[in-house]
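Trainee: My structure is in protein_23.cif, and what it holds is mmCIF, C-alpha atoms:
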```cif
data_upload
loop_
_atom_site.label_atom_id
_atom_site.label_comp_id
_atom_site.auth_asym_id
_atom_site.auth_seq_id
_atom_site.Cartn_x
_atom_site.Cartn_y
_atom_site.Cartn_z
CA MET A 1 0.00 0.00 0.00
CA LYS A 2 1.36 3.41 -1.04
CA ASP A 3 1.66 6.25 1.52
CA ASP A 4 0.03 9.40 0.06
CA ARG A 5 0.81 11.69 3.03
CA SER A 6 3.89 13.16 1.33
CA ARG A 7 1.95 14.21 -1.78
CA PRO A 8 0.74 17.83 -1.81
CA LYS A 9 -2.97 18.16 -1.36
CA PRO A 10 -4.85 19.88 -4.20
CA GLN A 11 -5.93 23.42 -3.42
CA THR A 12 -9.63 23.91 -2.88
CA PRO A 13 -11.20 26.90 -4.64
CA GLU A 14 -11.48 28.65 -1.27
CA ARG A 15 -7.77 28.25 -0.54
CA SER A 16 -6.69 29.41 -4.00
CA GLU A 17 -8.88 32.51 -3.64
CA LEU A 18 -7.46 33.34 -0.22
CA VAL A 19 -3.83 32.62 -1.07
CA PRO A 20 -3.23 33.35 -4.74
CA ASP A 21 -0.27 31.70 -6.40
CA THR A 22 2.04 34.72 -6.37
CA GLY A 23 5.63 35.40 -5.57
CA LEU A 24 6.92 35.67 -2.03
CA ALA A 25 7.34 39.46 -2.14
CA GLU A 26 3.72 40.00 -3.18
CA ARG A 27 2.47 37.59 -0.53
CA VAL A 28 4.47 39.38 2.17
CA GLU A 29 3.07 42.72 0.97
CA ARG A 30 -0.48 41.34 1.28
CA ILE A 31 0.23 40.05 4.80
CA GLU A 32 1.68 43.41 5.80
CA ALA A 33 -1.38 45.18 4.39
CA HIS A 34 -3.71 42.92 6.38
CA LEU A 35 -1.77 43.51 9.60
CA ALA A 36 -1.67 47.30 9.09
CA ILE A 37 -5.42 47.43 8.41
CA GLN A 38 -6.16 45.28 11.48
CA GLN A 39 -4.09 47.66 13.61
CA LEU A 40 -6.03 50.58 12.13
CA ALA A 41 -9.30 49.22 13.56
CA ILE A 42 -7.67 48.72 16.97
CA ARG A 43 -6.12 52.22 16.92
CA TYR A 44 -9.56 53.65 16.10
CA ALA A 45 -11.20 51.86 19.06
CA MET A 46 -8.48 52.87 21.50
CA ALA A 47 -8.52 56.49 20.30
CA VAL A 48 -12.31 56.73 20.80
CA ASP A 49 -12.09 55.19 24.28
CA ALA A 50 -9.20 57.52 25.26
CA ARG A 51 -10.98 60.51 23.63
CA ASP A 52 -7.76 61.11 21.70
CA MET A 53 -9.35 63.01 18.84
CA GLU A 54 -5.97 63.70 17.23
CA ALA A 55 -5.16 59.97 17.01
CA TRP A 56 -8.74 59.25 15.96
CA VAL A 57 -8.83 61.66 13.00
CA HIS A 58 -5.40 60.39 11.90
CA CYS A 59 -6.95 56.95 11.35
CA PHE A 60 -8.63 58.54 8.31
CA ARG A 61 -7.00 59.62 5.08
CA PRO A 62 -6.02 63.31 5.03
CA ASP A 63 -8.65 64.16 2.39
CA VAL A 64 -11.48 62.16 3.97
CA ASP A 65 -14.80 63.06 2.33
CA MET A 66 -17.42 64.00 4.91
CA GLY A 67 -20.12 64.72 2.33
CA ARG A 68 -22.16 67.77 3.25
CA HIS A 69 -19.93 68.27 6.32
CA GLY A 70 -16.84 69.01 4.22
CA THR A 71 -13.54 67.39 3.39
CA GLY A 72 -10.49 66.60 5.48
CA ARG A 73 -9.62 65.71 9.04
CA GLU A 74 -10.78 69.02 10.53
CA ALA A 75 -14.24 68.52 9.04
CA LEU A 76 -14.22 65.02 10.52
CA ARG A 77 -13.17 66.37 13.93
CA ARG A 78 -15.99 68.97 13.91
CA TYR A 79 -18.48 66.23 13.04
CA ILE A 80 -17.40 63.60 15.57
CA ASP A 81 -16.48 65.72 18.61
CA PRO A 82 -20.09 66.44 19.67
CA MET A 83 -21.02 62.78 19.14
CA VAL A 84 -18.41 61.39 21.54
CA ARG A 85 -19.44 63.96 24.15
CA ARG A 86 -22.84 62.23 24.44
CA PHE A 87 -21.27 59.52 26.59
CA TYR A 88 -18.57 59.54 29.28
CA ARG A 89 -16.69 56.23 29.45
CA SER A 90 -16.59 53.75 26.60
CA VAL A 91 -14.98 50.43 25.75
CA HIS A 92 -14.84 49.26 22.11
CA GLN A 93 -13.82 45.60 21.81
CA ILE A 94 -12.81 44.40 18.35
CA CYS A 95 -14.20 40.89 17.92
CA GLY A 96 -13.32 39.99 14.33
CA HIS A 97 -12.11 41.58 11.12
CA ARG A 98 -12.57 40.58 7.49
CA ILE A 99 -10.34 42.33 4.94
CA GLU A 100 -10.43 42.08 1.16
CA LEU A 101 -7.68 43.79 -0.79
CA THR A 102 -9.25 45.22 -3.96
CA THR A 103 -6.02 46.69 -5.40
CA LYS A 104 -2.55 47.04 -3.94
CA ASP A 105 -3.62 50.40 -2.44
CA THR A 106 -7.33 49.87 -1.63
CA ALA A 107 -9.34 47.40 0.42
CA THR A 108 -12.75 46.83 1.94
CA GLY A 109 -13.63 45.15 5.18
CA ALA A 110 -16.05 44.49 7.99
CA VAL A 111 -15.21 44.73 11.69
CA TYR A 112 -17.32 43.26 14.49
CA CYS A 113 -17.25 45.28 17.69
CA ARG A 114 -18.90 45.09 21.09
CA ALA A 115 -19.07 48.61 22.47
CA GLU A 116 -20.07 49.77 25.92
CA HIS A 117 -20.92 53.40 26.74
CA GLU A 118 -21.65 55.20 29.99
CA ALA A 119 -24.51 57.55 29.12
CA GLY A 120 -25.77 59.26 32.26
CA ASP A 121 -27.06 56.58 34.62
CA GLU A 122 -27.11 53.92 31.91
CA TRP A 123 -24.41 51.53 30.73
CA ILE A 124 -25.27 50.95 27.07
CA VAL A 125 -24.06 47.84 25.26
CA MET A 126 -24.01 47.81 21.45
CA ALA A 127 -23.34 44.99 19.00
CA ILE A 128 -21.79 46.71 15.97
CA CYS A 129 -20.48 45.89 12.53
CA TYR A 130 -18.38 48.55 10.81
CA PHE A 131 -18.33 48.38 7.01
CA ASP A 132 -15.06 49.95 5.91
CA GLU A 133 -13.19 51.18 2.87
CA TYR A 134 -9.43 51.57 3.22
CA ALA A 135 -6.76 53.32 1.17
CA ARG A 136 -2.98 53.31 1.29
CA VAL A 137 -1.67 56.87 1.04
CA ASP A 138 2.10 57.44 0.92
CA GLY A 139 2.65 53.89 2.16
CA GLU A 140 0.28 54.08 5.16
CA TRP A 141 -3.21 52.55 5.44
CA PHE A 142 -6.18 54.74 6.44
CA PHE A 143 -9.94 54.59 6.54
CA SER A 144 -11.52 56.19 3.48
CA ARG A 145 -14.99 55.49 4.76
CA ARG A 146 -16.49 53.83 7.83
CA ARG A 147 -20.19 52.97 8.15
CA GLU A 148 -21.42 51.83 11.55
CA ARG A 149 -24.38 49.47 11.62
CA HIS A 150 -25.63 47.78 14.74
CA TRP A 151 -27.89 44.98 15.90
CA TYR A 152 -28.94 46.68 19.12
CA ALA A 153 -28.07 49.26 21.75
CA ALA A 154 -29.46 48.52 25.21
CA ASN A 155 -28.76 49.19 28.85
CA VAL A 156 -26.73 46.30 30.24
CA THR A 157 -29.58 45.52 32.66
CA ASP A 158 -32.04 45.15 29.76
CA THR A 159 -32.21 42.47 27.11
CA PRO A 160 -32.08 43.71 23.51
CA GLN A 161 -35.51 42.11 22.92
CA SER A 162 -37.08 44.10 25.76
CA LYS A 163 -36.03 47.31 24.00
CA GLY A 164 -37.15 46.21 20.55
CA PHE A 165 -33.47 45.96 19.58
CA ALA A 166 -33.18 49.75 19.74
CA GLY A 167 -32.87 51.17 23.24
CA TRP A 168 -30.41 54.02 23.42
CA ALA A 169 -31.88 57.41 22.50
CA GLY A 170 -30.03 58.71 19.48
CA SER A 171 -28.55 55.39 18.40
CA GLY A 172 -31.01 55.12 15.53
CA LYS A 173 -32.93 52.14 14.23
CA PRO A 174 -30.70 49.08 14.10
CA ALA A 175 -29.81 48.14 10.52
CA LEU A 176 -28.55 44.65 11.31
CA PRO A 177 -29.11 41.85 10.63
CA ASP A 178 -31.68 42.98 8.02
CA GLU A 179 -29.07 44.80 5.93
CA PHE A 180 -27.17 41.58 5.14
CA ASP A 181 -28.31 40.28 1.74
CA SER A 182 -27.88 36.70 2.95
CA TRP A 183 -30.17 37.35 5.95
CA GLN A 184 -33.10 38.26 3.72
CA LYS A 185 -32.47 35.29 1.43
CA PHE A 186 -32.13 32.88 4.37
CA TRP A 187 -35.46 33.83 5.95
CA ASP A 188 -37.26 34.56 2.68
CA GLY A 189 -40.34 35.89 4.46
CA ALA A 190 -40.54 32.98 6.93
CA ARG A 191 -39.17 34.58 10.10
CA PRO A 192 -39.79 32.71 13.35
#
```
Translate the structure described by the file into structure tokens.
Mentor:
Amino acid sequence: MKDDRSRPKPQTPERSELVPDTGLAERVERIEAHLAIQQLAIRYAMAVDARDMEAWVHCFRPDVDMGRHGTGREALRRYIDPMVRRFYRSVHQICGHRIELTTKDTATGAVYCRAEHEAGDEWIVMAICYFDEYARVDGEWFFSRRRERHWYAANVTDTPQSKGFAGWAGSGKPALPDEFDSWQKFWDGARP
């Protein structure tokens, strides 16, 4: 009987998509990009929790487009400063991060986060997914865009269901899980 353990296993489509057959230098560059982008999400969370607005705005590209609020980091600072003053303490815990490099200088991703906020007498817990666009500018990775969507925001003493998966005044109507295309297809009108 022949021992087949020494033979290389064929690549599955999933593996070949995740690890393309490229040279070592290109693979190292992709790994470095992934690590830099992962650190970006962590730097963002720590800057918010430390209320280090300088570090926070520097997570975004210098010419970040704030739509009707303007362009650049100062426009971003003017927009976000009043928002983070709505709560005192916060803890943003990064729970998972998916990154897809779209070119050598751009990427998209999704970051799961469990955030806790002290808002007056309440301790609000949020289950969040950030949908991100990243860009490498002068060799450094930044956010180009960050969209926060959440499942719920509720006082830690309440269940999300008891608050209709909303809860915190000003947190808006939760977009998740309904905004996932796969969620709608999975339930196809037959929710429990």
Trainee: Between region 107-152 of chain A and region 88-101 of chain A, at 10 Å or less, what are the per-residue closest atom pairs and their distances in Å? Count all atoms listed in the file, order by chain and rising residue number, and return it as a Markdown table.
Mentor:
```
| residue | atom | partner | partner_atom | distance |
| --- | --- | --- | --- | --- |
| A:Ala107 | CA | A:Leu101 | CA | 4.2 |
| A:Thr108 | CA | A:Glu100 | CA | 5.3 |
| A:Gly109 | CA | A:Ile99 | CA | 4.3 |
| A:Ala110 | CA | A:Arg98 | CA | 5.3 |
| A:Val111 | CA | A:His97 | CA | 4.5 |
| A:Tyr112 | CA | A:Gly96 | CA | 5.2 |
| A:Cys113 | CA | A:Ile94 | CA | 4.6 |
| A:Arg114 | CA | A:Gln93 | CA | 5.2 |
| A:Ala115 | CA | A:His92 | CA | 4.3 |
| A:Glu116 | CA | A:Val91 | CA | 5.1 |
| A:His117 | CA | A:Ser90 | CA | 4.3 |
| A:Glu118 | CA | A:Arg89 | CA | 5.1 |
| A:Ala119 | CA | A:Tyr88 | CA | 6.3 |
| A:Gly120 | CA | A:Tyr88 | CA | 7.8 |
| A:Trp123 | CA | A:Ser90 | CA | 9.1 |
| A:Ile124 | CA | A:Ser90 | CA | 9.1 |
| A:Val125 | CA | A:Val91 | CA | 9.5 |
| A:Met126 | CA | A:His92 | CA | 9.3 |
| A:Ala127 | CA | A:Gln93 | CA | 9.9 |
| A:Ile128 | CA | A:Ile94 | CA | 9.6 |
| A:Cys129 | CA | A:Gly96 | CA | 9.5 |
| A:Tyr130 | CA | A:His97 | CA | 9.4 |
| A:Phe131 | CA | A:Arg98 | CA | 9.7 |
| A:Asp132 | CA | A:Ile99 | CA | 9.0 |
| A:Glu133 | CA | A:Ile99 | CA | 9.5 |
| A:Tyr134 | CA | A:Leu101 | CA | 8.9 |
| A:Ala135 | CA | A:Leu101 | CA | 9.8 |
```
Trainee: Store the residues picked out above in a file with C-alpha atoms, as a PDB file, keeping the file's coordinate frame.
Mentor:
```pdb
ATOM      1  CA  ALA A 107      -9.340  47.400   0.420  1.00  0.00           C
ATOM      2  CA  THR A 108     -12.750  46.830   1.940  1.00  0.00           C
ATOM      3  CA  GLY A 109     -13.630  45.150   5.180  1.00  0.00           C
ATOM      4  CA  ALA A 110     -16.050  44.490   7.990  1.00  0.00           C
ATOM      5  CA  VAL A 111     -15.210  44.730  11.690  1.00  0.00           C
ATOM      6  CA  TYR A 112     -17.320  43.260  14.490  1.00  0.00           C
ATOM      7  CA  CYS A 113     -17.250  45.280  17.690  1.00  0.00           C
ATOM      8  CA  ARG A 114     -18.900  45.090  21.090  1.00  0.00           C
ATOM      9  CA  ALA A 115     -19.070  48.610  22.470  1.00  0.00           C
ATOM     10  CA  GLU A 116     -20.070  49.770  25.920  1.00  0.00           C
ATOM     11  CA  HIS A 117     -20.920  53.400  26.740  1.00  0.00           C
ATOM     12  CA  GLU A 118     -21.650  55.200  29.990  1.00  0.00           C
ATOM     13  CA  ALA A 119     -24.510  57.550  29.120  1.00  0.00           C
ATOM     14  CA  GLY A 120     -25.770  59.260  32.260  1.00  0.00           C
ATOM     15  CA  TRP A 123     -24.410  51.530  30.730  1.00  0.00           C
ATOM     16  CA  ILE A 124     -25.270  50.950  27.070  1.00  0.00           C
ATOM     17  CA  VAL A 125     -24.060  47.840  25.260  1.00  0.00           C
ATOM     18  CA  MET A 126     -24.010  47.810  21.450  1.00  0.00           C
ATOM     19  CA  ALA A 127     -23.340  44.990  19.000  1.00  0.00           C
ATOM     20  CA  ILE A 128     -21.790  46.710  15.970  1.00  0.00           C
ATOM     21  CA  CYS A 129     -20.480  45.890  12.530  1.00  0.00           C
ATOM     22  CA  TYR A 130     -18.380  48.550  10.810  1.00  0.00           C
ATOM     23  CA  PHE A 131     -18.330  48.380   7.010  1.00  0.00           C
ATOM     24  CA  ASP A 132     -15.060  49.950   5.910  1.00  0.00           C
ATOM     25  CA  GLU A 133     -13.190  51.180   2.870  1.00  0.00           C
ATOM     26  CA  TYR A 134      -9.430  51.570   3.220  1.00  0.00           C
ATOM     27  CA  ALA A 135      -6.760  53.320   1.170  1.00  0.00           C
TER      28      ALA A 135
END
```
Trainee: Apply the PyMOL selection byres ((chain A and resi 136) around 9) to the file shown and report the selected residues as a VMD selection string.
Mentor: chain A and resid 33 61 104 to 107 134 to 135 137 to 143
Trainee: Using Å and a single decimal, report how far CA of Val156 (chain A) sits from CA of Leu176 (chain A).
Mentor: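 So the two atoms, CA of Leu176 (chain A) and CA of Val156 (chain A), lie 19.1 Å apart.
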Trainee: Between CA of Leu24 (chain A) and CA of Ile37 (chain A), measure the distance and give it in Å to one decimal.
Mentor: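 Distance between the two atoms: 20.0 Å.
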Trainee: Have a look at CA of Asp52 (chain A) and CA of Arg149 (chain A) and let me know their distance in Å, one decimal.
Mentor: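 Going from CA of Asp52 (chain A) over to CA of Arg149 (chain A) covers 22.7 Å.
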Trainee: In terms of the shortest atom-to-atom distance over all atoms listed in the file, which of A:Glu74, A:Asp188, A:Asp178, A:Glu32 is closest to Phe60 (chain A)?
Mentor: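 The closest residue to Phe60 (chain A) is A:Glu74.
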Trainee: So which one's closest to Arg43 (chain A), A:Trp56, A:Arg147, A:Ile31, A:Asp121? Using only C-alpha atoms, please.
Mentor: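 Among the listed residues, A:Trp56 lies closest to Arg43 (chain A).
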Trainee: Have a look at A:His69, A:Ala175, A:Thr103, A:Cys59 and name the one nearest to Glu29 (chain A); count only C-alpha atoms.
Mentor: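 For Glu29 (chain A), the nearest of the given residues is A:Thr103.
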Trainee: Which of these, A:Arg86, A:Val28, A:Asp181, A:Val64, has the shortest distance to Arg146 (chain A) once you count all atoms listed in the file?
Mentor: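 Checking each of A:Arg86, A:Val28, A:Asp181, A:Val64 against Arg146 (chain A), counting all atoms listed in the file, the winner is A:Val64.
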Trainee: Would you translate the PyMOL selection byres ((chain A and resi 51) around 10) into the concrete set of residues it matches in this file, as a list in words?
Mentor: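 Selected by the PyMOL selection byres ((chain A and resi 51) around 10) here: Ala45, Met46, Ala47, Val48, Asp49, Ala50, Asp52, Met53, Glu54, Ala55, Trp56, Asp81, Val84, Arg85, Tyr88, Arg89 and Ser90 of chain A.
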Trainee: In terms of the shortest atom-to-atom distance over all atoms listed in the file, which of A:Ala41, A:Arg30, A:Ile80, A:Gly172 is closest to Thr102 (chain A)?
Mentor: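 The shortest atom-to-atom distance to Thr102 (chain A) comes from A:Arg30.
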Trainee: Looking at A:Pro174, A:Arg68, A:Glu26, A:Ile42, which one is nearest to Trp151 (chain A), with distances taken over all atoms listed in the file?
Mentor: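 Closest to Trp151 (chain A) of all the choices is A:Pro174.
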